[in-house]
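What follows is the content of run_0.txt (compact mmCIF, N, CA and C atoms and all ligand atoms).
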```
# COMPACT_ATOMS: atom_id res chain seq x y z
N MET A 1 -32.37 -53.00 -72.11
CA MET A 1 -31.23 -52.26 -72.66
C MET A 1 -31.53 -50.76 -72.63
N VAL A 2 -32.74 -50.43 -73.11
CA VAL A 2 -33.11 -49.01 -73.17
C VAL A 2 -33.17 -48.44 -71.75
N VAL A 3 -33.79 -49.24 -70.86
CA VAL A 3 -33.93 -48.79 -69.48
C VAL A 3 -32.55 -48.55 -68.87
N ARG A 4 -31.67 -49.51 -69.12
CA ARG A 4 -30.32 -49.40 -68.59
C ARG A 4 -29.65 -48.11 -69.04
N ARG A 5 -29.76 -47.86 -70.33
CA ARG A 5 -29.11 -46.67 -70.88
C ARG A 5 -29.69 -45.40 -70.24
N LEU A 6 -31.01 -45.42 -70.08
CA LEU A 6 -31.66 -44.26 -69.47
C LEU A 6 -31.15 -44.05 -68.05
N ARG A 7 -31.05 -45.17 -67.35
CA ARG A 7 -30.57 -45.07 -65.97
C ARG A 7 -29.18 -44.49 -65.92
N ALA A 8 -28.34 -44.99 -66.81
CA ALA A 8 -26.96 -44.49 -66.83
C ALA A 8 -26.97 -42.99 -67.09
N GLY A 9 -27.84 -42.58 -67.99
CA GLY A 9 -27.94 -41.15 -68.31
C GLY A 9 -28.39 -40.37 -67.10
N ALA A 10 -29.36 -40.89 -66.39
CA ALA A 10 -29.89 -40.20 -65.21
C ALA A 10 -28.80 -40.08 -64.15
N THR A 11 -28.04 -41.15 -63.96
CA THR A 11 -26.97 -41.12 -62.97
C THR A 11 -25.96 -40.04 -63.33
N ARG A 12 -25.65 -39.98 -64.62
CA ARG A 12 -24.68 -38.98 -65.06
C ARG A 12 -25.21 -37.58 -64.76
N LEU A 13 -26.50 -37.37 -65.05
CA LEU A 13 -27.08 -36.05 -64.79
C LEU A 13 -27.01 -35.73 -63.31
N LEU A 14 -27.31 -36.74 -62.49
CA LEU A 14 -27.25 -36.54 -61.04
C LEU A 14 -25.84 -36.14 -60.63
N GLN A 15 -24.85 -36.84 -61.18
CA GLN A 15 -23.47 -36.53 -60.82
C GLN A 15 -23.15 -35.10 -61.19
N HIS A 16 -23.63 -34.69 -62.37
CA HIS A 16 -23.36 -33.32 -62.80
C HIS A 16 -24.05 -32.34 -61.87
N ALA A 17 -25.28 -32.68 -61.47
CA ALA A 17 -26.02 -31.79 -60.58
C ALA A 17 -25.27 -31.64 -59.26
N LYS A 18 -24.75 -32.77 -58.77
CA LYS A 18 -23.98 -32.72 -57.52
C LYS A 18 -22.73 -31.87 -57.70
N ALA A 19 -22.11 -32.02 -58.85
CA ALA A 19 -20.88 -31.29 -59.11
C ALA A 19 -21.16 -29.80 -59.25
N GLY A 20 -22.42 -29.46 -59.42
CA GLY A 20 -22.75 -28.05 -59.51
C GLY A 20 -22.27 -27.41 -60.80
N THR A 21 -22.22 -28.17 -61.88
CA THR A 21 -21.79 -27.60 -63.14
C THR A 21 -23.00 -27.09 -63.89
N PRO A 22 -23.14 -25.77 -63.96
CA PRO A 22 -24.28 -25.23 -64.67
C PRO A 22 -24.18 -25.52 -66.17
N GLY A 23 -25.30 -25.76 -66.77
CA GLY A 23 -25.29 -25.97 -68.21
C GLY A 23 -24.99 -27.39 -68.61
N SER A 24 -24.87 -28.29 -67.63
CA SER A 24 -24.53 -29.66 -67.99
C SER A 24 -25.74 -30.40 -68.57
N MET A 25 -26.92 -29.83 -68.41
CA MET A 25 -28.11 -30.45 -68.97
C MET A 25 -28.12 -30.31 -70.49
N THR A 26 -27.54 -29.26 -70.96
CA THR A 26 -27.47 -29.06 -72.40
C THR A 26 -26.10 -29.53 -72.88
N SER A 27 -25.98 -29.74 -74.16
CA SER A 27 -24.68 -30.18 -74.67
C SER A 27 -23.82 -28.98 -75.05
N LYS A 28 -24.37 -27.79 -74.81
CA LYS A 28 -23.64 -26.58 -75.22
C LYS A 28 -22.69 -26.11 -74.14
N ARG A 29 -21.77 -26.99 -73.78
CA ARG A 29 -20.80 -26.56 -72.78
C ARG A 29 -19.58 -26.01 -73.50
N THR A 30 -19.03 -24.98 -72.93
CA THR A 30 -17.86 -24.39 -73.56
C THR A 30 -16.66 -25.29 -73.32
N LYS A 31 -15.61 -25.06 -74.06
CA LYS A 31 -14.39 -25.85 -73.91
C LYS A 31 -13.86 -25.71 -72.48
N GLY A 32 -13.93 -24.49 -71.95
CA GLY A 32 -13.46 -24.23 -70.60
C GLY A 32 -14.22 -25.05 -69.57
N GLN A 33 -15.53 -25.12 -69.75
CA GLN A 33 -16.36 -25.89 -68.81
C GLN A 33 -16.03 -27.37 -68.89
N ARG A 34 -15.81 -27.85 -70.14
CA ARG A 34 -15.47 -29.27 -70.31
C ARG A 34 -14.15 -29.57 -69.65
N LEU A 35 -13.16 -28.67 -69.81
CA LEU A 35 -11.86 -28.88 -69.20
C LEU A 35 -11.97 -28.89 -67.68
N LYS A 36 -12.77 -27.96 -67.14
CA LYS A 36 -12.99 -27.88 -65.71
C LYS A 36 -13.58 -29.18 -65.19
N ALA A 37 -14.60 -29.68 -65.92
CA ALA A 37 -15.29 -30.90 -65.50
C ALA A 37 -14.33 -32.08 -65.51
N SER A 38 -13.48 -32.18 -66.53
CA SER A 38 -12.59 -33.33 -66.57
C SER A 38 -11.49 -33.20 -65.52
N ALA A 39 -11.08 -31.98 -65.21
CA ALA A 39 -10.09 -31.77 -64.15
C ALA A 39 -10.68 -32.21 -62.81
N LEU A 40 -11.97 -31.89 -62.62
CA LEU A 40 -12.65 -32.30 -61.39
C LEU A 40 -12.73 -33.82 -61.30
N GLU A 41 -13.06 -34.44 -62.44
CA GLU A 41 -13.14 -35.90 -62.45
C GLU A 41 -11.79 -36.53 -62.10
N ARG A 42 -10.74 -35.97 -62.68
CA ARG A 42 -9.40 -36.50 -62.39
C ARG A 42 -9.07 -36.32 -60.91
N ALA A 43 -9.41 -35.15 -60.37
CA ALA A 43 -9.12 -34.88 -58.96
C ALA A 43 -9.89 -35.84 -58.06
N ARG A 44 -11.15 -36.12 -58.44
CA ARG A 44 -11.97 -37.03 -57.63
C ARG A 44 -11.42 -38.45 -57.68
N ALA A 45 -10.82 -38.79 -58.82
CA ALA A 45 -10.29 -40.15 -58.99
C ALA A 45 -9.12 -40.41 -58.05
N VAL A 46 -8.39 -39.36 -57.66
CA VAL A 46 -7.23 -39.56 -56.77
C VAL A 46 -7.53 -39.06 -55.35
N ALA A 47 -8.82 -38.85 -55.07
CA ALA A 47 -9.21 -38.30 -53.76
C ALA A 47 -8.77 -39.16 -52.59
N SER A 48 -8.67 -40.48 -52.82
CA SER A 48 -8.33 -41.36 -51.70
C SER A 48 -6.82 -41.55 -51.54
N VAL A 49 -6.05 -40.98 -52.44
CA VAL A 49 -4.59 -41.09 -52.35
C VAL A 49 -4.09 -40.32 -51.13
N ASP A 50 -3.27 -40.99 -50.32
CA ASP A 50 -2.70 -40.34 -49.14
C ASP A 50 -1.28 -39.87 -49.45
N PRO A 51 -1.07 -38.58 -49.58
CA PRO A 51 0.25 -38.06 -49.98
C PRO A 51 1.34 -38.30 -48.94
N ARG A 52 0.96 -38.75 -47.74
CA ARG A 52 1.98 -39.02 -46.73
C ARG A 52 2.52 -40.44 -46.85
N ARG A 53 1.72 -41.30 -47.47
CA ARG A 53 2.11 -42.71 -47.50
C ARG A 53 2.15 -43.32 -48.89
N ASP A 54 1.23 -42.91 -49.76
CA ASP A 54 1.10 -43.57 -51.06
C ASP A 54 2.14 -43.06 -52.05
N PRO A 55 2.41 -43.86 -53.08
CA PRO A 55 3.29 -43.36 -54.15
C PRO A 55 2.57 -42.28 -54.95
N PRO A 56 3.32 -41.31 -55.48
CA PRO A 56 2.68 -40.20 -56.21
C PRO A 56 2.02 -40.66 -57.51
N PRO A 57 0.76 -40.28 -57.72
CA PRO A 57 0.10 -40.59 -59.00
C PRO A 57 0.57 -39.62 -60.08
N ALA A 58 0.19 -39.91 -61.31
CA ALA A 58 0.58 -39.03 -62.43
C ALA A 58 0.08 -37.62 -62.16
N GLY A 59 0.92 -36.63 -62.45
CA GLY A 59 0.51 -35.24 -62.28
C GLY A 59 0.75 -34.70 -60.89
N ALA A 60 1.31 -35.54 -59.99
CA ALA A 60 1.59 -35.07 -58.64
C ALA A 60 2.78 -34.10 -58.66
N VAL A 61 2.76 -33.14 -57.74
CA VAL A 61 3.86 -32.17 -57.60
C VAL A 61 4.59 -32.53 -56.32
N LEU A 62 5.89 -32.77 -56.40
CA LEU A 62 6.64 -33.23 -55.24
C LEU A 62 6.76 -32.13 -54.18
N ALA A 63 6.70 -32.53 -52.93
CA ALA A 63 6.80 -31.59 -51.82
C ALA A 63 8.27 -31.42 -51.42
N ASP A 64 8.59 -30.26 -50.89
CA ASP A 64 9.93 -29.95 -50.42
C ASP A 64 9.86 -29.83 -48.89
N HIS A 65 10.35 -30.85 -48.20
CA HIS A 65 10.18 -30.88 -46.75
C HIS A 65 10.93 -29.75 -46.04
N ALA A 66 12.02 -29.28 -46.62
CA ALA A 66 12.73 -28.14 -46.02
C ALA A 66 11.82 -26.92 -46.00
N ALA A 67 11.01 -26.77 -47.06
CA ALA A 67 10.09 -25.62 -47.14
C ALA A 67 8.86 -25.81 -46.26
N LEU A 68 8.72 -27.00 -45.71
CA LEU A 68 7.57 -27.28 -44.83
C LEU A 68 7.98 -27.31 -43.36
N ALA A 69 9.22 -26.93 -43.10
CA ALA A 69 9.76 -27.04 -41.74
C ALA A 69 9.03 -26.16 -40.72
N HIS A 70 8.28 -25.16 -41.20
CA HIS A 70 7.53 -24.29 -40.28
C HIS A 70 6.40 -25.06 -39.59
N ASN A 71 6.05 -26.21 -40.12
CA ASN A 71 5.03 -27.05 -39.48
C ASN A 71 5.69 -27.82 -38.35
N ASN A 72 5.46 -27.35 -37.15
CA ASN A 72 6.08 -27.97 -35.99
C ASN A 72 5.28 -29.21 -35.63
N THR A 73 5.44 -30.25 -36.43
CA THR A 73 4.56 -31.39 -36.25
C THR A 73 5.34 -32.70 -36.26
N TYR A 74 4.85 -33.65 -35.47
CA TYR A 74 5.43 -34.99 -35.48
C TYR A 74 4.72 -35.87 -36.50
N ASP A 75 3.62 -35.34 -37.02
CA ASP A 75 2.89 -36.10 -38.05
C ASP A 75 3.74 -36.16 -39.31
N LEU A 76 3.46 -37.13 -40.12
CA LEU A 76 4.16 -37.23 -41.39
C LEU A 76 3.78 -36.05 -42.28
N LEU A 77 4.75 -35.55 -43.02
CA LEU A 77 4.47 -34.48 -43.99
C LEU A 77 4.18 -35.13 -45.35
N PRO A 78 3.43 -34.44 -46.20
CA PRO A 78 3.13 -35.02 -47.52
C PRO A 78 4.39 -35.14 -48.36
N LYS A 79 4.43 -36.19 -49.17
CA LYS A 79 5.57 -36.36 -50.08
C LYS A 79 5.31 -35.62 -51.39
N PHE A 80 4.04 -35.34 -51.63
CA PHE A 80 3.67 -34.69 -52.90
C PHE A 80 2.29 -34.06 -52.74
N TYR A 81 1.89 -33.28 -53.74
CA TYR A 81 0.55 -32.70 -53.78
C TYR A 81 -0.15 -33.20 -55.03
N VAL A 82 -1.44 -33.46 -54.92
CA VAL A 82 -2.26 -33.80 -56.10
C VAL A 82 -3.45 -32.84 -56.14
N ASP A 83 -3.96 -32.61 -57.35
CA ASP A 83 -5.15 -31.77 -57.51
C ASP A 83 -6.25 -32.30 -56.60
N ARG A 84 -6.88 -31.39 -55.88
CA ARG A 84 -7.96 -31.78 -54.98
C ARG A 84 -9.26 -31.12 -55.40
N ALA A 85 -10.34 -31.89 -55.36
CA ALA A 85 -11.67 -31.32 -55.63
C ALA A 85 -12.18 -30.70 -54.34
N ILE A 86 -12.56 -29.44 -54.40
CA ILE A 86 -13.13 -28.78 -53.23
C ILE A 86 -14.51 -28.24 -53.59
N VAL A 87 -15.35 -28.05 -52.57
CA VAL A 87 -16.65 -27.42 -52.77
C VAL A 87 -16.61 -26.12 -51.99
N CYS A 88 -16.81 -25.01 -52.69
CA CYS A 88 -16.68 -23.70 -52.06
C CYS A 88 -17.69 -23.54 -50.92
N ARG A 89 -17.18 -23.09 -49.77
CA ARG A 89 -18.03 -22.93 -48.58
C ARG A 89 -19.00 -21.77 -48.77
N GLN A 90 -18.65 -20.84 -49.67
CA GLN A 90 -19.49 -19.66 -49.85
C GLN A 90 -20.54 -19.84 -50.93
N CYS A 91 -20.14 -20.35 -52.10
CA CYS A 91 -21.09 -20.41 -53.21
C CYS A 91 -21.42 -21.84 -53.64
N GLY A 92 -20.75 -22.83 -53.07
CA GLY A 92 -21.08 -24.21 -53.36
C GLY A 92 -20.52 -24.74 -54.67
N THR A 93 -19.70 -23.95 -55.34
CA THR A 93 -19.11 -24.40 -56.60
C THR A 93 -18.06 -25.48 -56.34
N ALA A 94 -18.12 -26.55 -57.14
CA ALA A 94 -17.08 -27.57 -57.09
C ALA A 94 -15.93 -27.11 -57.96
N GLU A 95 -14.74 -27.17 -57.40
CA GLU A 95 -13.58 -26.67 -58.14
C GLU A 95 -12.35 -27.48 -57.77
N VAL A 96 -11.36 -27.43 -58.65
CA VAL A 96 -10.11 -28.11 -58.36
C VAL A 96 -9.16 -27.14 -57.67
N TRP A 97 -8.57 -27.58 -56.58
CA TRP A 97 -7.48 -26.83 -55.96
C TRP A 97 -6.20 -27.47 -56.49
N PRO A 98 -5.56 -26.83 -57.45
CA PRO A 98 -4.45 -27.49 -58.17
C PRO A 98 -3.25 -27.76 -57.28
N ALA A 99 -2.53 -28.83 -57.61
CA ALA A 99 -1.36 -29.26 -56.84
C ALA A 99 -0.33 -28.14 -56.73
N ASP A 100 -0.09 -27.39 -57.82
CA ASP A 100 0.94 -26.35 -57.75
C ASP A 100 0.50 -25.18 -56.86
N ARG A 101 -0.82 -24.93 -56.79
CA ARG A 101 -1.32 -23.88 -55.88
C ARG A 101 -1.19 -24.34 -54.43
N GLN A 102 -1.36 -25.64 -54.21
CA GLN A 102 -1.19 -26.19 -52.86
C GLN A 102 0.26 -26.03 -52.41
N LYS A 103 1.17 -26.37 -53.33
CA LYS A 103 2.59 -26.24 -53.03
C LYS A 103 2.91 -24.79 -52.65
N TRP A 104 2.34 -23.85 -53.41
CA TRP A 104 2.56 -22.44 -53.11
C TRP A 104 2.02 -22.10 -51.72
N TRP A 105 0.80 -22.55 -51.43
CA TRP A 105 0.17 -22.24 -50.15
C TRP A 105 0.99 -22.77 -48.98
N TYR A 106 1.41 -24.04 -49.06
CA TYR A 106 2.10 -24.65 -47.93
C TYR A 106 3.57 -24.25 -47.84
N GLU A 107 4.22 -24.10 -49.00
CA GLU A 107 5.67 -23.93 -48.98
C GLU A 107 6.12 -22.49 -49.13
N VAL A 108 5.38 -21.67 -49.85
CA VAL A 108 5.78 -20.27 -50.07
C VAL A 108 5.03 -19.36 -49.10
N ALA A 109 3.69 -19.50 -49.07
CA ALA A 109 2.89 -18.68 -48.16
C ALA A 109 2.97 -19.21 -46.73
N LYS A 110 3.58 -20.38 -46.56
CA LYS A 110 3.78 -21.02 -45.25
C LYS A 110 2.46 -21.29 -44.52
N GLY A 111 1.49 -21.71 -45.28
CA GLY A 111 0.23 -22.12 -44.68
C GLY A 111 0.42 -23.37 -43.85
N ASN A 112 -0.34 -23.49 -42.78
CA ASN A 112 -0.25 -24.68 -41.94
C ASN A 112 -0.67 -25.91 -42.73
N ILE A 113 0.02 -27.02 -42.49
CA ILE A 113 -0.21 -28.23 -43.26
C ILE A 113 -1.61 -28.81 -43.03
N ASN A 114 -2.24 -28.41 -41.93
CA ASN A 114 -3.59 -28.90 -41.66
C ASN A 114 -4.69 -28.01 -42.24
N THR A 115 -4.30 -26.96 -42.95
CA THR A 115 -5.30 -26.09 -43.56
C THR A 115 -5.46 -26.47 -45.03
N HIS A 116 -6.60 -26.10 -45.60
CA HIS A 116 -6.80 -26.33 -47.03
C HIS A 116 -7.80 -25.31 -47.55
N ALA A 117 -7.85 -25.18 -48.85
CA ALA A 117 -8.72 -24.18 -49.47
C ALA A 117 -10.18 -24.51 -49.17
N VAL A 118 -10.96 -23.50 -48.77
CA VAL A 118 -12.38 -23.70 -48.53
C VAL A 118 -13.23 -22.85 -49.46
N LEU A 119 -12.57 -21.91 -50.15
CA LEU A 119 -13.31 -21.04 -51.08
C LEU A 119 -12.83 -21.30 -52.50
N CYS A 120 -13.73 -21.13 -53.47
CA CYS A 120 -13.34 -21.25 -54.86
C CYS A 120 -12.52 -20.01 -55.23
N ARG A 121 -11.91 -20.07 -56.38
CA ARG A 121 -11.02 -19.00 -56.79
C ARG A 121 -11.73 -17.65 -56.86
N SER A 122 -12.93 -17.63 -57.43
CA SER A 122 -13.59 -16.34 -57.63
C SER A 122 -14.06 -15.75 -56.29
N CYS A 123 -14.51 -16.60 -55.36
CA CYS A 123 -14.88 -16.09 -54.04
C CYS A 123 -13.64 -15.59 -53.30
N ARG A 124 -12.53 -16.30 -53.45
CA ARG A 124 -11.29 -15.89 -52.81
C ARG A 124 -10.87 -14.52 -53.34
N GLU A 125 -10.96 -14.38 -54.67
CA GLU A 125 -10.54 -13.12 -55.26
C GLU A 125 -11.45 -11.97 -54.86
N SER A 126 -12.77 -12.23 -54.79
CA SER A 126 -13.65 -11.12 -54.42
C SER A 126 -13.45 -10.76 -52.95
N ARG A 127 -13.14 -11.74 -52.12
CA ARG A 127 -12.82 -11.42 -50.73
C ARG A 127 -11.58 -10.57 -50.62
N LYS A 128 -10.59 -10.95 -51.42
CA LYS A 128 -9.32 -10.23 -51.39
C LYS A 128 -9.55 -8.78 -51.80
N SER A 129 -10.34 -8.57 -52.86
CA SER A 129 -10.54 -7.19 -53.32
C SER A 129 -11.40 -6.41 -52.33
N GLN A 130 -12.31 -7.10 -51.63
CA GLN A 130 -13.08 -6.44 -50.57
C GLN A 130 -12.14 -5.96 -49.47
N LYS A 131 -11.20 -6.83 -49.10
CA LYS A 131 -10.25 -6.47 -48.05
C LYS A 131 -9.40 -5.30 -48.47
N THR A 132 -8.93 -5.34 -49.72
CA THR A 132 -8.09 -4.26 -50.24
C THR A 132 -8.86 -2.95 -50.21
N GLU A 133 -10.12 -3.00 -50.62
CA GLU A 133 -10.96 -1.81 -50.65
C GLU A 133 -11.18 -1.28 -49.22
N ALA A 134 -11.45 -2.19 -48.29
CA ALA A 134 -11.66 -1.78 -46.89
C ALA A 134 -10.41 -1.11 -46.34
N ARG A 135 -9.25 -1.67 -46.70
CA ARG A 135 -7.99 -1.12 -46.23
C ARG A 135 -7.75 0.27 -46.82
N ARG A 136 -8.08 0.42 -48.10
CA ARG A 136 -7.90 1.71 -48.78
C ARG A 136 -8.77 2.77 -48.09
N ILE A 137 -10.02 2.41 -47.79
CA ILE A 137 -10.93 3.36 -47.13
C ILE A 137 -10.40 3.71 -45.73
N HIS A 138 -9.93 2.68 -45.04
CA HIS A 138 -9.38 2.90 -43.70
C HIS A 138 -8.20 3.86 -43.75
N LEU A 139 -7.27 3.59 -44.68
CA LEU A 139 -6.07 4.43 -44.78
C LEU A 139 -6.43 5.85 -45.17
N GLU A 140 -7.43 6.00 -46.02
CA GLU A 140 -7.90 7.32 -46.43
C GLU A 140 -8.40 8.09 -45.20
N GLY A 141 -9.18 7.39 -44.37
CA GLY A 141 -9.70 7.99 -43.15
C GLY A 141 -8.58 8.44 -42.23
N VAL A 142 -7.57 7.58 -42.07
CA VAL A 142 -6.43 7.90 -41.22
C VAL A 142 -5.72 9.14 -41.75
N ALA A 143 -5.54 9.18 -43.07
CA ALA A 143 -4.85 10.31 -43.70
C ALA A 143 -5.63 11.60 -43.48
N LYS A 144 -6.94 11.53 -43.60
CA LYS A 144 -7.80 12.71 -43.40
C LYS A 144 -7.65 13.23 -41.98
N LYS A 145 -7.69 12.31 -41.01
CA LYS A 145 -7.55 12.69 -39.61
C LYS A 145 -6.23 13.41 -39.38
N ARG A 146 -5.17 12.81 -39.96
CA ARG A 146 -3.82 13.39 -39.82
C ARG A 146 -3.81 14.82 -40.34
N ARG A 147 -4.41 14.98 -41.53
CA ARG A 147 -4.42 16.32 -42.15
C ARG A 147 -5.13 17.32 -41.21
N LYS A 148 -6.21 16.86 -40.61
CA LYS A 148 -6.96 17.73 -39.69
C LYS A 148 -6.09 18.15 -38.51
N HIS A 149 -5.36 17.18 -37.97
CA HIS A 149 -4.52 17.47 -36.81
C HIS A 149 -3.45 18.49 -37.15
N VAL A 150 -2.91 18.36 -38.35
CA VAL A 150 -1.81 19.23 -38.76
C VAL A 150 -2.30 20.66 -38.90
N SER A 151 -3.47 20.83 -39.51
CA SER A 151 -3.91 22.20 -39.79
C SER A 151 -4.54 22.87 -38.57
ZN ZN B 1 -17.18 -19.70 -54.33
```
Exercise: express the given structure as structure tokens:
Amino acid sequence: MVVRRLRAGATRLLQHAKAGTPGSMTSKRTKGQRLKASALERARAVASVDPRRDPPPAGAVLADHAALAHNNTYDLLPKFYVDRAIVCRQCGTAEVWPADRQKWWYEVAKGNINTHAVLCRSCRESRKSQKTEARRIHLEGVAKKRRKHVS
């Protein structure tokens, strides 16, 4: 009995280690971390659901096929979106790509239906701000050149 319980505990720790949740060894996890972990668990539980064929599970966000018409594809389009667990390609953090963010990506930003998030939110945001900064510097340089030409 004791051995069994220990094993179960070890398996749980391993799962946490795989999930990349820092601080899971201690019980001092913040509410935010606990919520994140349970969202990941929920997302993993529906990982095998096929949104093109299966009925929508609880929490699914329905897809609007008119908004997906930019996908010039004969493949079936998803009927809905569900939270997906992703592992960031840059930092390795396991994170949920929420169904409503997916809907935004595919239907509003017109992302291709075969693309999906590869970066966690914080890596995405730091990339975005790097790009914005690079653009600002570039535009500044262009403006300086223009001023030189004028004078
Ligand atoms: Zn990341």
*asked:* Going by DSSP on the backbone, which residues of chain A come out as alpha helix (DSSP H)? List them as number ranges by chain.
replied: A: 2-19, 31-45, 99-103, 121-150
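One finds CA of Tyr81 (chain A) at 11.1 Å from CA of Trp105 (chain A).
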Per-axis box centre and lengths in Å around region 133-136 of chain A, 4 Å margin per side, axis-aligned, as JSON:
```
{"center_x": -9.7, "center_y": -0.1, "center_z": -48.4, "size_x": 11.9, "size_y": 13.8, "size_z": 12.4}
```
*Who sits within 6.5 Å of Gly59 (chain A), all atoms listed in the file, same chain under 2 positions skipped, as a count of residues only*: 6
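Listed by chain and then residue number, the contacts of ligand ZN 1 (chain B) are A:Val87, A:Cys88, A:Arg89, A:Gln90, A:Cys91, A:Gly92, A:Thr93, A:Leu119, A:Cys120, A:Arg121, A:Ser122, A:Cys123, A:Arg124 (distance at most 8 Å, using only C-alpha atoms and all ligand atoms).
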Keeping only N, CA and C atoms, write those residues as a short mmCIF file (atom, residue, chain, number, x, y, z; two decimals), in the coordinates of the input.
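What ended up in selection08.cif:
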```
data_model
loop_
_atom_site.label_atom_id
_atom_site.label_comp_id
_atom_site.auth_asym_id
_atom_site.auth_seq_id
_atom_site.Cartn_x
_atom_site.Cartn_y
_atom_site.Cartn_z
N VAL A 87 -15.35 -28.05 -52.57
CA VAL A 87 -16.65 -27.42 -52.77
C VAL A 87 -16.61 -26.12 -51.99
N CYS A 88 -16.81 -25.01 -52.69
CA CYS A 88 -16.68 -23.70 -52.06
C CYS A 88 -17.69 -23.54 -50.92
N ARG A 89 -17.18 -23.09 -49.77
CA ARG A 89 -18.03 -22.93 -48.58
C ARG A 89 -19.00 -21.77 -48.77
N GLN A 90 -18.65 -20.84 -49.67
CA GLN A 90 -19.49 -19.66 -49.85
C GLN A 90 -20.54 -19.84 -50.93
N CYS A 91 -20.14 -20.35 -52.10
CA CYS A 91 -21.09 -20.41 -53.21
C CYS A 91 -21.42 -21.84 -53.64
N GLY A 92 -20.75 -22.83 -53.07
CA GLY A 92 -21.08 -24.21 -53.36
C GLY A 92 -20.52 -24.74 -54.67
N THR A 93 -19.70 -23.95 -55.34
CA THR A 93 -19.11 -24.40 -56.60
C THR A 93 -18.06 -25.48 -56.34
N LEU A 119 -12.57 -21.91 -50.15
CA LEU A 119 -13.31 -21.04 -51.08
C LEU A 119 -12.83 -21.30 -52.50
N CYS A 120 -13.73 -21.13 -53.47
CA CYS A 120 -13.34 -21.25 -54.86
C CYS A 120 -12.52 -20.01 -55.23
N ARG A 121 -11.91 -20.07 -56.38
CA ARG A 121 -11.02 -19.00 -56.79
C ARG A 121 -11.73 -17.65 -56.86
N SER A 122 -12.93 -17.63 -57.43
CA SER A 122 -13.59 -16.34 -57.63
C SER A 122 -14.06 -15.75 -56.29
N CYS A 123 -14.51 -16.60 -55.36
CA CYS A 123 -14.88 -16.09 -54.04
C CYS A 123 -13.64 -15.59 -53.30
N ARG A 124 -12.53 -16.30 -53.45
CA ARG A 124 -11.29 -15.89 -52.81
C ARG A 124 -10.87 -14.52 -53.34
#
```
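Atom N of Ala67 (chain A) lies 6.8 Å from atom C of Glu107 (chain A).
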*Write out as a PyMOL selection string which residues come within 6.5 Å of Lys79 (chain A) when counting only N, CA and C atoms, dropping same-chain ones fewer than 4 positions away.*
chain A and resi 51-53+61-64
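Around region 35-46 of chain A, within 8 Å and counting only N, CA and C atoms, the residues found are Thr21, Arg29, Thr30, Lys31, Gly32, Gln33, Ser48, Val49, Asp50, Pro57, Val82, Asp83, Arg84, Ala85, Ile86, Ala94, Glu95, Val96 and Trp97 of chain A, once anything fewer than 2 positions away on its own chain is removed.
What separates CA of Tyr106 (chain A) from CA of Tyr74 (chain A) is a distance of 16.5 Å.
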*Using all atoms listed in the file, find the one residue out of A:Asn112, A:Asp54, A:Ile137, A:Val142 that sits nearest to Phe80 (chain A).*
A:Asp54
